[in-house]
>>> print(open('final.txt').read())   # compact mmCIF, C-alpha atoms
# COMPACT_ATOMS: atom_id res chain seq x y z
CA MET A 4 53.66 28.87 -38.10
CA HIS A 5 55.47 29.00 -34.80
CA LEU A 6 53.79 27.07 -32.00
CA PHE A 7 54.26 27.97 -28.36
CA SER A 8 56.07 25.32 -26.39
CA ALA A 9 53.29 25.34 -23.83
CA MET A 10 49.60 25.93 -24.45
CA PHE A 11 46.80 26.21 -21.94
CA LEU A 12 43.31 25.20 -22.92
CA LEU A 13 40.55 26.30 -20.52
CA VAL A 14 37.60 23.95 -20.61
CA MET A 15 34.30 24.12 -18.80
CA LEU A 16 33.68 20.41 -18.48
CA ALA A 17 30.17 19.06 -17.92
CA VAL A 18 30.76 15.43 -17.02
CA MET A 19 28.19 12.75 -17.69
CA PRO A 20 27.69 9.34 -15.99
CA CYS A 21 28.32 6.10 -17.83
CA GLU A 22 24.99 4.31 -17.42
CA ALA A 23 23.13 6.27 -20.12
CA LEU A 24 21.53 8.59 -17.58
CA TYR A 25 22.41 11.79 -19.35
CA PRO A 26 20.81 15.23 -19.14
CA SER A 27 19.98 17.27 -22.21
CA PRO A 28 22.94 18.57 -24.22
CA GLU A 29 22.05 22.19 -23.38
CA GLU A 30 23.42 21.69 -19.86
CA GLY A 31 27.07 21.97 -20.82
CA TRP A 32 29.84 21.63 -23.36
CA GLN A 33 30.03 18.38 -25.28
CA ILE A 34 33.42 16.65 -25.22
CA TYR A 35 34.33 13.97 -27.75
CA SER A 36 37.34 11.67 -27.69
CA SER A 37 38.88 11.20 -31.11
CA ALA A 38 42.34 9.66 -30.79
CA GLN A 39 45.60 9.44 -28.90
CA ASP A 40 48.84 10.90 -30.20
CA ALA A 41 52.19 9.12 -30.45
CA ASP A 42 52.99 9.90 -26.81
CA GLY A 43 49.73 8.38 -25.62
CA LYS A 44 48.14 11.75 -24.79
CA CYS A 45 44.40 12.01 -25.12
CA ILE A 46 43.18 14.26 -27.93
CA CYS A 47 39.70 15.67 -27.27
CA THR A 48 37.43 17.81 -29.37
CA VAL A 49 35.30 20.31 -27.43
CA VAL A 50 32.07 21.43 -29.08
CA ALA A 51 29.66 24.04 -27.72
CA PRO A 52 26.02 22.98 -27.34
CA ALA A 53 24.80 25.17 -30.20
CA GLN A 54 27.02 23.25 -32.62
CA ASN A 55 25.54 19.90 -31.71
CA MET A 56 23.61 18.90 -34.83
CA CYS A 57 21.96 15.92 -33.14
CA ASN A 58 20.31 18.28 -30.72
CA ARG A 59 18.59 20.07 -33.63
CA ASP A 60 16.94 16.87 -34.78
CA PRO A 61 13.24 17.24 -33.83
CA ARG A 62 13.02 13.48 -33.36
CA SER A 63 15.74 13.66 -30.71
CA ARG A 64 13.84 16.40 -28.90
CA GLN A 65 10.64 14.38 -29.19
CA LEU A 66 12.33 11.33 -27.69
CA ARG A 67 13.60 13.40 -24.75
CA GLN A 68 10.09 14.67 -24.13
CA LEU A 69 8.79 11.12 -24.22
CA MET A 70 11.42 10.03 -21.70
CA GLU A 71 10.32 12.85 -19.38
CA LYS A 72 6.70 11.71 -19.71
CA VAL A 73 7.64 8.12 -18.93
CA GLN A 74 9.52 9.29 -15.84
CA ASN A 75 6.53 11.33 -14.68
CA ILE A 76 4.21 8.38 -15.23
CA SER A 77 6.56 6.09 -13.28
CA GLN A 78 6.64 8.51 -10.36
CA SER A 79 2.84 8.82 -10.43
CA MET A 80 2.51 5.03 -10.42
CA GLU A 81 4.92 4.82 -7.48
CA VAL A 82 2.85 7.32 -5.48
CA LEU A 83 -0.34 5.51 -6.44
CA ASP A 84 1.09 2.17 -5.37
CA LEU A 85 2.18 3.49 -1.97
CA ARG A 86 -1.17 5.17 -1.35
CA THR A 87 -3.14 2.10 -2.42
CA TYR A 88 -1.07 -0.09 -0.13
CA ARG A 89 -1.68 2.29 2.79
CA ASP A 90 -5.44 2.43 2.17
CA LEU A 91 -5.67 -1.33 1.73
CA GLN A 92 -4.02 -1.82 5.10
CA TYR A 93 -6.59 0.51 6.67
CA VAL A 94 -9.48 -1.38 5.06
CA ARG A 95 -8.06 -4.68 6.31
CA ASN A 96 -7.72 -3.29 9.83
CA THR A 97 -11.40 -2.28 9.83
CA GLU A 98 -12.63 -5.59 8.36
CA SER A 99 -13.38 -7.14 11.76
CA LEU A 100 -15.29 -4.02 12.80
CA MET A 101 -17.39 -4.19 9.65
CA LYS A 102 -18.25 -7.83 10.38
CA VAL A 103 -19.40 -6.89 13.88
CA VAL A 104 -21.61 -4.09 12.55
CA ASP A 105 -22.99 -6.39 9.85
CA GLY A 106 -23.86 -9.04 12.46
CA LYS A 107 -25.64 -6.55 14.68
CA LEU A 108 -27.64 -5.20 11.75
CA LYS A 109 -28.76 -8.70 10.76
CA VAL A 110 -29.88 -9.43 14.31
CA ALA A 111 -31.72 -6.10 14.47
CA SER A 112 -33.45 -6.70 11.12
CA GLU A 113 -34.59 -10.21 12.12
CA ASN A 114 -35.69 -9.18 15.61
CA PRO A 115 -36.24 -5.42 15.93
CA ARG A 116 -37.22 -5.75 19.59
CA SER A 117 -33.75 -7.02 20.44
CA LEU A 118 -32.31 -3.58 19.67
CA ASN A 119 -32.61 -1.83 23.04
CA PRO A 120 -31.27 1.72 23.66
CA LYS A 121 -27.93 0.35 24.85
CA GLY A 122 -27.59 -1.89 21.79
CA PHE A 123 -28.58 0.98 19.51
CA GLN A 124 -25.90 3.20 21.05
CA GLU A 125 -23.26 0.48 20.62
CA LEU A 126 -24.26 0.07 16.98
CA LYS A 127 -24.14 3.83 16.50
CA ASP A 128 -20.63 3.94 18.02
CA LYS A 129 -19.44 1.17 15.70
CA VAL A 130 -20.81 2.98 12.66
CA THR A 131 -19.06 6.18 13.82
CA GLN A 132 -15.78 4.27 13.90
CA LEU A 133 -16.35 3.32 10.25
CA LEU A 134 -16.81 6.93 9.10
CA PRO A 135 -13.04 7.38 8.31
CA LEU A 136 -13.58 4.81 5.55
CA LEU A 137 -15.51 7.39 3.53
CA PRO A 138 -12.46 9.53 2.56
CA VAL A 139 -10.54 6.31 1.84
CA LEU A 140 -13.26 5.26 -0.60
CA GLU A 141 -13.24 8.73 -2.14
CA GLN A 142 -9.50 8.40 -2.62
CA TYR A 143 -10.08 5.05 -4.33
CA LYS A 144 -12.41 6.81 -6.78
CA ALA A 145 -9.79 9.47 -7.48
CA ASP A 146 -7.12 6.80 -7.92
CA ALA A 147 -9.33 4.94 -10.37
CA LYS A 148 -9.58 8.12 -12.47
CA MET A 149 -5.81 8.53 -12.27
CA ILE A 150 -5.32 4.97 -13.51
CA LEU A 151 -7.55 5.69 -16.51
CA ARG A 152 -5.58 8.87 -17.24
CA LEU A 153 -2.24 7.05 -16.96
CA ARG A 154 -3.53 4.27 -19.20
CA GLU A 155 -4.48 6.85 -21.83
CA GLU A 156 -1.05 8.52 -21.55
CA VAL A 157 0.68 5.17 -22.01
CA ARG A 158 -1.49 4.45 -25.06
CA ASN A 159 -0.60 7.84 -26.57
CA LEU A 160 3.10 7.27 -25.87
CA SER A 161 2.93 3.89 -27.61
CA LEU A 162 1.37 5.49 -30.71
CA VAL A 163 4.03 8.22 -30.84
CA LEU A 164 6.85 5.71 -30.36
CA MET A 165 5.44 3.55 -33.16
CA ALA A 166 5.35 6.58 -35.45
CA ILE A 167 8.96 7.46 -34.62
CA GLN A 168 9.99 3.84 -35.17
CA GLU A 169 8.37 3.83 -38.61
CA GLU A 170 10.00 7.15 -39.50
CA MET A 171 13.48 6.10 -38.36
CA GLY A 172 13.21 2.41 -39.15
CA ALA A 173 15.80 2.60 -41.90
CA TYR A 174 18.60 2.96 -39.34
CA ASP A 175 20.44 -0.02 -37.90
CA TYR A 176 19.87 0.79 -34.25
CA GLU A 177 22.07 -2.00 -32.93
CA GLU A 178 25.01 -0.72 -34.96
CA LEU A 179 24.34 2.84 -33.84
CA ARG A 180 24.09 1.72 -30.23
CA GLN A 181 27.43 -0.07 -30.42
CA ARG A 182 29.04 3.01 -31.94
CA VAL A 183 27.61 5.20 -29.17
CA LEU A 184 28.89 2.81 -26.51
CA LEU A 185 32.35 2.83 -28.10
CA LEU A 186 32.38 6.63 -28.20
CA GLU A 187 31.23 6.81 -24.56
CA THR A 188 34.04 4.47 -23.54
CA ARG A 189 36.62 6.57 -25.37
CA LEU A 190 35.11 9.75 -23.94
CA HIS A 191 35.27 8.35 -20.43
CA SER A 192 38.91 7.34 -20.95
CA CYS A 193 39.67 10.81 -22.23
CA MET A 194 37.97 12.49 -19.28
CA GLN A 195 39.97 10.47 -16.78
CA LYS A 196 43.17 11.77 -18.36
CA LEU A 197 42.02 15.36 -18.11
CA GLY A 198 42.84 15.37 -14.40
CA CYS A 199 41.25 17.42 -11.65
CA GLY A 200 39.31 20.64 -11.71
CA LYS A 201 37.40 23.13 -9.61
CA LEU A 202 33.65 22.67 -9.15
CA THR A 203 31.69 25.46 -10.82
CA GLY A 204 28.24 23.95 -11.35
CA VAL A 205 25.83 21.10 -10.68
CA SER A 206 23.28 19.84 -13.21
CA ASN A 207 19.58 19.28 -12.73
CA PRO A 208 18.79 16.13 -10.73
CA ILE A 209 18.39 12.77 -12.48
CA THR A 210 16.04 10.52 -10.50
CA VAL A 211 17.21 6.94 -10.90
CA ARG A 212 14.76 5.21 -8.58
CA ALA A 213 12.35 5.74 -5.67
CA SER A 214 12.94 3.10 -3.00
CA GLY A 215 13.58 2.65 0.70
CA SER A 216 12.88 4.98 3.60
CA ARG A 217 13.52 8.70 3.98
CA PHE A 218 17.18 8.14 4.91
CA GLY A 219 19.81 5.90 3.33
CA SER A 220 22.77 5.67 0.98
CA TRP A 221 23.59 4.11 -2.38
CA MET A 222 26.82 3.96 -4.31
CA THR A 223 29.08 2.34 -6.89
CA ASP A 224 32.78 1.59 -6.50
CA THR A 225 34.81 4.81 -6.40
CA MET A 226 38.19 3.23 -7.23
CA ILE A 227 39.97 4.44 -10.37
CA PRO A 228 40.40 2.55 -12.63
CA SER A 229 37.66 -0.05 -12.15
CA SER A 230 35.36 -2.07 -14.37
CA ASP A 231 33.09 -2.99 -11.46
CA ASN A 232 29.50 -2.07 -12.38
CA ARG A 233 27.82 -3.22 -9.17
CA VAL A 234 25.50 -0.91 -7.20
CA TRP A 235 25.01 -1.09 -3.43
CA SER A 236 22.07 0.20 -1.39
CA MET A 237 21.87 0.66 2.40
CA ASP A 238 18.47 1.73 3.74
CA GLY A 239 18.25 3.66 7.03
CA TYR A 240 20.79 5.54 9.14
CA PHE A 241 21.36 3.47 12.29
CA LYS A 242 21.61 -0.14 13.48
CA GLY A 243 21.24 -1.43 9.90
CA ARG A 244 23.15 -4.49 8.75
CA ARG A 245 21.57 -5.40 5.40
CA VAL A 246 23.38 -4.27 2.22
CA LEU A 247 21.79 -5.00 -1.16
CA GLU A 248 24.20 -5.56 -4.04
CA TYR A 249 22.87 -5.17 -7.60
CA ARG A 250 24.74 -6.48 -10.61
CA THR A 251 24.38 -3.31 -12.71
CA MET A 252 22.80 0.13 -12.57
CA ASN A 253 20.02 -1.11 -14.82
CA ASP A 254 19.28 -3.91 -12.34
CA PHE A 255 19.18 -1.37 -9.52
CA MET A 256 16.71 0.76 -11.45
CA LYS A 257 14.45 -2.26 -11.92
CA GLY A 258 15.02 -3.68 -8.42
CA GLN A 259 16.20 -7.05 -9.75
CA ASN A 260 19.28 -9.33 -9.77
CA PHE A 261 20.58 -8.52 -6.32
CA VAL A 262 22.22 -10.38 -3.46
CA GLN A 263 22.20 -9.52 0.21
CA HIS A 264 25.15 -8.95 2.54
CA LEU A 265 24.53 -9.13 6.28
CA LEU A 266 27.21 -7.06 7.98
CA PRO A 267 28.73 -8.49 11.19
CA HIS A 268 28.39 -5.08 12.89
CA PRO A 269 25.57 -2.52 12.42
CA TRP A 270 26.26 0.85 10.85
CA ALA A 271 25.67 4.43 11.96
CA GLY A 272 24.79 7.33 9.66
CA THR A 273 24.79 7.31 5.86
CA GLY A 274 28.44 8.24 5.21
CA HIS A 275 29.49 4.92 3.73
CA VAL A 276 31.73 4.44 0.70
CA VAL A 277 32.76 1.52 -1.51
CA TYR A 278 36.41 1.67 -2.52
CA ASN A 279 38.24 -1.07 -4.44
CA GLY A 280 35.66 -3.77 -3.68
CA SER A 281 35.32 -3.02 0.05
CA LEU A 282 32.71 -1.15 2.06
CA TYR A 283 34.01 1.40 4.55
CA TYR A 284 31.49 2.38 7.23
CA ASN A 285 31.13 3.72 10.77
CA LYS A 286 30.28 1.11 13.40
CA TYR A 287 27.12 1.90 15.38
CA GLN A 288 27.62 3.78 18.68
CA SER A 289 31.38 4.12 18.20
CA ASN A 290 34.00 6.06 16.25
CA ILE A 291 35.32 2.82 14.75
CA ILE A 292 35.69 2.55 10.97
CA ILE A 293 35.17 -0.92 9.50
CA LYS A 294 36.48 -2.21 6.17
CA TYR A 295 34.21 -5.00 4.92
CA HIS A 296 35.24 -6.96 1.81
CA PHE A 297 32.25 -7.93 -0.34
CA ARG A 298 33.65 -10.94 -2.19
CA SER A 299 35.02 -12.68 0.92
CA ARG A 300 32.11 -11.39 3.06
CA SER A 301 34.50 -10.62 5.90
CA VAL A 302 35.89 -7.70 7.91
CA LEU A 303 39.46 -7.02 6.79
CA VAL A 304 40.28 -4.31 9.31
CA GLN A 305 38.64 -1.98 11.83
CA ARG A 306 40.17 1.02 13.51
CA SER A 307 39.10 3.80 15.84
CA LEU A 308 39.14 7.33 14.43
CA SER A 309 40.83 8.95 17.40
CA GLY A 310 38.83 11.71 19.07
CA ALA A 311 36.02 11.64 16.51
CA GLY A 312 32.54 12.37 17.83
CA TYR A 313 29.83 9.78 17.32
CA ASN A 314 26.22 8.93 18.23
CA ASN A 315 24.86 12.35 17.15
CA THR A 316 27.53 14.33 18.99
CA PHE A 317 28.56 16.27 15.88
CA PRO A 318 26.16 15.32 13.04
CA TYR A 319 25.19 17.24 9.93
CA SER A 320 22.18 19.55 10.24
CA TRP A 321 19.74 16.70 9.57
CA GLY A 322 21.06 14.55 12.44
CA GLY A 323 20.83 10.84 11.74
CA SER A 324 24.07 9.78 13.48
CA SER A 325 25.95 11.43 10.60
CA ASP A 326 29.01 12.21 12.77
CA ILE A 327 31.52 10.37 10.57
CA ASP A 328 31.30 10.69 6.79
CA LEU A 329 33.59 8.49 4.68
CA MET A 330 34.23 9.39 1.05
CA ALA A 331 36.64 8.96 -1.85
CA ASP A 332 37.88 11.12 -4.70
CA GLU A 333 40.73 11.21 -7.22
CA ASN A 334 43.25 11.43 -4.36
CA GLY A 335 42.04 8.45 -2.32
CA LEU A 336 40.05 7.73 0.83
CA TRP A 337 38.87 10.42 3.28
CA ALA A 338 37.03 10.80 6.59
CA VAL A 339 35.06 13.94 7.43
CA TYR A 340 34.14 14.36 11.09
CA THR A 341 34.80 16.60 14.08
CA THR A 342 36.18 16.43 17.59
CA ILE A 343 35.68 18.25 20.89
CA PRO A 344 39.13 19.94 20.70
CA ASN A 345 38.11 21.26 17.27
CA ALA A 346 35.02 22.85 18.86
CA GLY A 347 32.65 21.06 16.51
CA ASN A 348 34.33 22.30 13.32
CA ILE A 349 34.71 19.97 10.36
CA VAL A 350 37.95 17.96 10.32
CA ILE A 351 39.25 16.22 7.17
CA SER A 352 41.57 13.21 7.42
CA ARG A 353 43.12 11.30 4.53
CA LEU A 354 43.16 7.58 5.29
CA GLU A 355 45.40 4.73 4.18
CA PRO A 356 42.89 2.28 2.60
CA GLN A 357 44.57 -0.92 3.83
CA SER A 358 45.26 -0.07 7.48
CA LEU A 359 42.82 2.88 7.94
CA GLU A 360 45.71 4.83 9.44
CA VAL A 361 45.30 8.62 9.37
CA LEU A 362 47.89 10.05 6.97
CA GLN A 363 47.13 13.78 7.32
CA THR A 364 44.49 15.97 8.95
CA TRP A 365 43.07 19.45 8.27
CA ASP A 366 40.84 21.66 10.45
CA THR A 367 38.47 23.54 8.13
CA GLY A 368 37.04 25.90 10.75
CA PHE A 369 33.50 25.30 9.41
CA PRO A 370 30.90 24.18 12.04
CA LYS A 371 29.63 20.74 11.12
CA ARG A 372 26.14 21.27 12.52
CA SER A 373 25.73 24.12 10.02
CA ALA A 374 26.45 21.79 7.11
CA GLY A 375 23.74 19.86 5.28
CA GLU A 376 26.16 17.43 3.61
CA SER A 377 29.68 17.44 2.15
CA PHE A 378 31.74 15.68 -0.52
CA MET A 379 35.33 15.64 -1.84
CA ILE A 380 36.40 16.41 -5.41
CA CYS A 381 40.11 16.48 -6.31
CA GLY A 382 41.20 17.03 -2.70
CA THR A 383 38.70 19.82 -2.09
CA LEU A 384 35.87 19.48 0.43
CA TYR A 385 32.61 21.08 -0.73
CA VAL A 386 29.97 21.77 1.95
CA THR A 387 26.26 22.51 1.51
CA ASN A 388 24.54 24.96 3.83
CA SER A 389 21.38 22.86 4.30
CA HIS A 390 19.80 19.48 3.62
CA LEU A 391 16.43 21.06 2.78
CA ALA A 392 14.98 22.84 -0.26
CA GLY A 393 16.95 25.91 -1.29
CA ALA A 394 20.30 24.39 -0.32
CA LYS A 395 23.46 25.37 -2.16
CA ILE A 396 27.16 24.52 -2.07
CA TYR A 397 28.35 27.23 0.27
CA PHE A 398 31.91 26.44 1.39
CA ALA A 399 35.04 24.89 -0.12
CA TYR A 400 38.21 23.82 1.67
CA TYR A 401 41.34 23.12 -0.41
CA THR A 402 43.62 20.55 1.24
CA ASN A 403 46.45 21.24 -1.22
CA THR A 404 46.81 24.81 0.08
CA SER A 405 45.07 24.49 3.48
CA SER A 406 42.84 27.40 2.50
CA TYR A 407 39.12 27.94 2.08
CA GLU A 408 36.58 30.14 0.33
CA TYR A 409 32.84 30.71 0.46
CA THR A 410 31.04 29.64 -2.71
CA ASP A 411 27.59 30.11 -4.22
CA ILE A 412 26.82 27.03 -6.32
CA PRO A 413 23.07 26.31 -6.42
CA PHE A 414 21.52 22.93 -7.11
CA HIS A 415 17.93 21.71 -7.26
CA ASN A 416 16.97 19.76 -4.12
CA GLN A 417 14.00 18.14 -5.82
CA TYR A 418 12.63 16.08 -2.92
CA SER A 419 13.59 18.50 -0.13
CA HIS A 420 15.54 16.24 2.25
CA ILE A 421 19.05 15.05 1.35
CA SER A 422 20.55 12.56 3.81
CA MET A 423 23.53 11.47 1.70
CA MET A 424 25.64 13.24 -0.94
CA ASP A 425 28.85 11.71 -2.29
CA TYR A 426 31.04 12.21 -5.33
CA ASN A 427 32.16 9.28 -7.48
CA PRO A 428 35.50 10.11 -9.17
CA ARG A 429 35.22 7.18 -11.58
CA GLU A 430 31.93 8.41 -13.04
CA ARG A 431 32.34 12.06 -11.99
CA VAL A 432 28.81 12.40 -10.67
CA LEU A 433 27.20 13.11 -7.31
CA TYR A 434 25.17 10.32 -5.72
CA THR A 435 22.40 11.48 -3.37
CA TRP A 436 19.66 9.90 -1.27
CA ASN A 437 16.81 12.41 -1.22
CA ASN A 438 13.70 11.58 0.79
CA GLY A 439 13.46 7.99 -0.44
CA HIS A 440 14.71 8.80 -3.95
CA GLN A 441 18.07 7.84 -5.42
CA VAL A 442 19.29 10.78 -7.47
CA LEU A 443 22.35 11.65 -9.59
CA TYR A 444 23.84 15.05 -10.41
CA ASN A 445 26.39 15.76 -13.13
CA VAL A 446 29.15 18.16 -12.12
CA THR A 447 30.80 20.96 -14.08
CA LEU A 448 34.53 21.31 -13.45
CA PHE A 449 36.76 24.17 -14.51
CA GLN A 450 39.92 22.56 -15.84
CA VAL A 451 43.29 23.70 -17.08
CA ILE A 452 44.67 21.26 -19.65
CA LYS A 453 48.35 21.65 -20.38
CA THR A 454 49.68 20.42 -23.73
CA SER A 455 53.06 20.80 -25.45
CA GLY A 456 54.15 21.07 -29.02
CA ASP A 457 57.01 22.29 -31.21
>>> encode(input="final.txt", output="structure tokens")
Amino acid sequence: MHLFSAMFLLVMLAVMPCEALYPSPEEGWQIYSSAQDADGKCICTVVAPAQNMCNRDPRSRQLRQLMEKVQNISQSMEVLDLRTYRDLQYVRNTESLMKVVDGKLKVASENPRSLNPKGFQELKDKVTQLLPLLPVLEQYKADAKMILRLREEVRNLSLVLMAIQEEMGAYDYEELRQRVLLLETRLHSCMQKLGCGKLTGVSNPITVRASGSRFGSWMTDTMIPSSDNRVWSMDGYFKGRRVLEYRTMNDFMKGQNFVQHLLPHPWAGTGHVVYNGSLYYNKYQSNIIIKYHFRSRSVLVQRSLSGAGYNNTFPYSWGGSSDIDLMADENGLWAVYTTIPNAGNIVISRLEPQSLEVLQTWDTGFPKRSAGESFMICGTLYVTNSHLAGAKIYFAYYTNTSSYEYTDIPFHNQYSHISMMDYNPRERVLYTWNNGHQVLYNVTLFQVIKTSGD
């Protein structure tokens, strides 16, 4: 049979992160790496979701449901912990007042005549001040019931897991796990060779952790290739200097095994990025970009981004000193900002990572204050129209053709306030900080894969 000298395979690629934080298989096509040919080209097998036999296994579906329950329980426990801490602080603050009231009551009970009208009024006022404790105590009762309910759910989950373990105990799980890890590694290698694509969809959110304040940023190294598995977290959007470095994603999820970096200069905004072992961030109250090297704990270079607005001159719609947003994609390091001559419209500049010199600049014509957040994928800037619930990816600017188009790509803003959204080209996921939650999104890219044959 005659083969065409050039074939084009159109693939809708739903990319998954590497830390075993995957959505259900129904969310996109499954792509498996099988081998490399004699020329070193990656050979991939693309299978539609309906053909995925593992997905039909009721035990697999049951395990996914259990994972969802565990996540819900964890979130409920987090809310319960925060509320209990708040109420405990209130009780402690009223402790001295309760002692005063208790003392006055003892005196009045031992010597009723000592309680004159003035003393009675003072005691009445003190008791009035204690009335807000009543709803706090009612909340404690409700929380106690919640704890009992959560305890029962955990007990039920344990019983179901034991039943599944007995049913599937014949399998060598360690061997299976190693095979899955090997396949994931080969899949990831295959995906990197597929090249760039156009964003066509965003998955449901994957909540990794709930930590920190309403605003912040978190990230992994965006350099390709890289075997660096560290995770960095930066809480707050201005005057912060403390960066937490976790050894792995699993450590970040558990809040363990971390070291602290104290930056020599405070940051502004949440538009930070880690690229090839260094943190790039905007220096507080300036348009200076700083490159901080984690291993040497030193500033390697700092440079002013000429004409860039700062200190909430041209922020995203949520404010937060988000004037300068640094990011990375398959094509390198970028800065997204605006200037007065550009009338507040978004400007994109590609930066040289070593010197921070501006290599090329594009004026998108899109007003930055109308943008919720933005991120780069394959040289294209994607802009959301809001940081609140109901947001969608609304605008795309293509640096390779200096052209733009309006898009309509929805995504679920689960916690209703996104203050950071960045793409990681190494893992091909979106990292977001959403109202004190660290969230991942898988992306769907439309790709054209060119192969040749005889």
>>> residues_near_point(input="final.txt", point="(21.2, -6.3, 6.2)", cutoff="10 Å", atoms="only C-alpha atoms", output="list in words")
Met237, Asp238, Lys242, Gly243, Arg244, Arg245, Val246, Leu247, Gln263, His264, Leu265, Leu266, Pro267, His268, Pro269 and Trp270 of chain A
>>> atom_distance(input="final.txt", atom1="CA of Phe317 (chain A)", atom2="CA of Gly239 (chain A)")
18.5 Å
>>> residues_around(input="final.txt", residues="Ile396 (chain A)", least_positions_apart="2", cutoff="12 Å", atoms="all atoms listed in the file", output="JSON, numbers by chain")
{"A": [202, 203, 204, 205, 374, 375, 376, 377, 378, 384, 385, 386, 387, 388, 389, 390, 393, 394, 398, 399, 400, 408, 409, 410, 411, 412, 413, 414, 415, 416, 424]}
>>> closest_residue(input="final.txt", among="A:Thr210, A:Thr404, A:Ser352, A:Ser281", to="Asp328 (chain A)", atoms="all atoms listed in the file")
A:Ser352
>>> closest_residue(input="final.txt", among="A:Ile349, A:Ile227, A:Leu443, A:Leu354", to="Arg429 (chain A)", atoms="only C-alpha atoms")
A:Ile227
>>> closest_residue(input="final.txt", among="A:Tyr340, A:Asn315, A:Ile293, A:Gly335", to="Leu359 (chain A)", atoms="all atoms listed in the file")
A:Ile293
>>> closest_residue(input="final.txt", among="A:Asn438, A:Thr402, A:Ser325, A:Thr367", to="Gln417 (chain A)", atoms="all atoms listed in the file")
A:Asn438
>>> atom_distance(input="final.txt", atom1="CA of Asp231 (chain A)", atom2="CA of Val446 (chain A)")
21.5 Å
>>> closest_residue(input="final.txt", among="A:Met423, A:Ile327, A:Met149, A:Leu282", to="Thr225 (chain A)", atoms="all atoms listed in the file")
A:Leu282
>>> atom_distance(input="final.txt", atom1="CA of Asn445 (chain A)", atom2="CA of Phe218 (chain A)")
21.6 Å
>>> closest_residue(input="final.txt", among="A:Gln181, A:Thr273, A:Thr131, A:Ser320", to="Thr435 (chain A)", atoms="only C-alpha atoms")
A:Thr273
>>> residues_around(input="final.txt", residues="Ser229 (chain A)", least_positions_apart="4", cutoff="12 Å", atoms="all atoms listed in the file", output="ChimeraX atom specification")
/A:192,195,223-225,233,277-280,427-430
>>> residues_around(input="final.txt", residues="Leu303 (chain A)", least_positions_apart="5", cutoff="8 Å", atoms="all atoms listed in the file", output="short mmCIF file (atom, residue, chain, number, x, y, z; two decimals) with C-alpha atoms, in the coordinates of the input")
data_model
loop_
_atom_site.label_atom_id
_atom_site.label_comp_id
_atom_site.auth_asym_id
_atom_site.auth_seq_id
_atom_site.Cartn_x
_atom_site.Cartn_y
_atom_site.Cartn_z
CA ILE A 293 35.17 -0.92 9.50
CA LYS A 294 36.48 -2.21 6.17
CA TYR A 295 34.21 -5.00 4.92
CA HIS A 296 35.24 -6.96 1.81
#
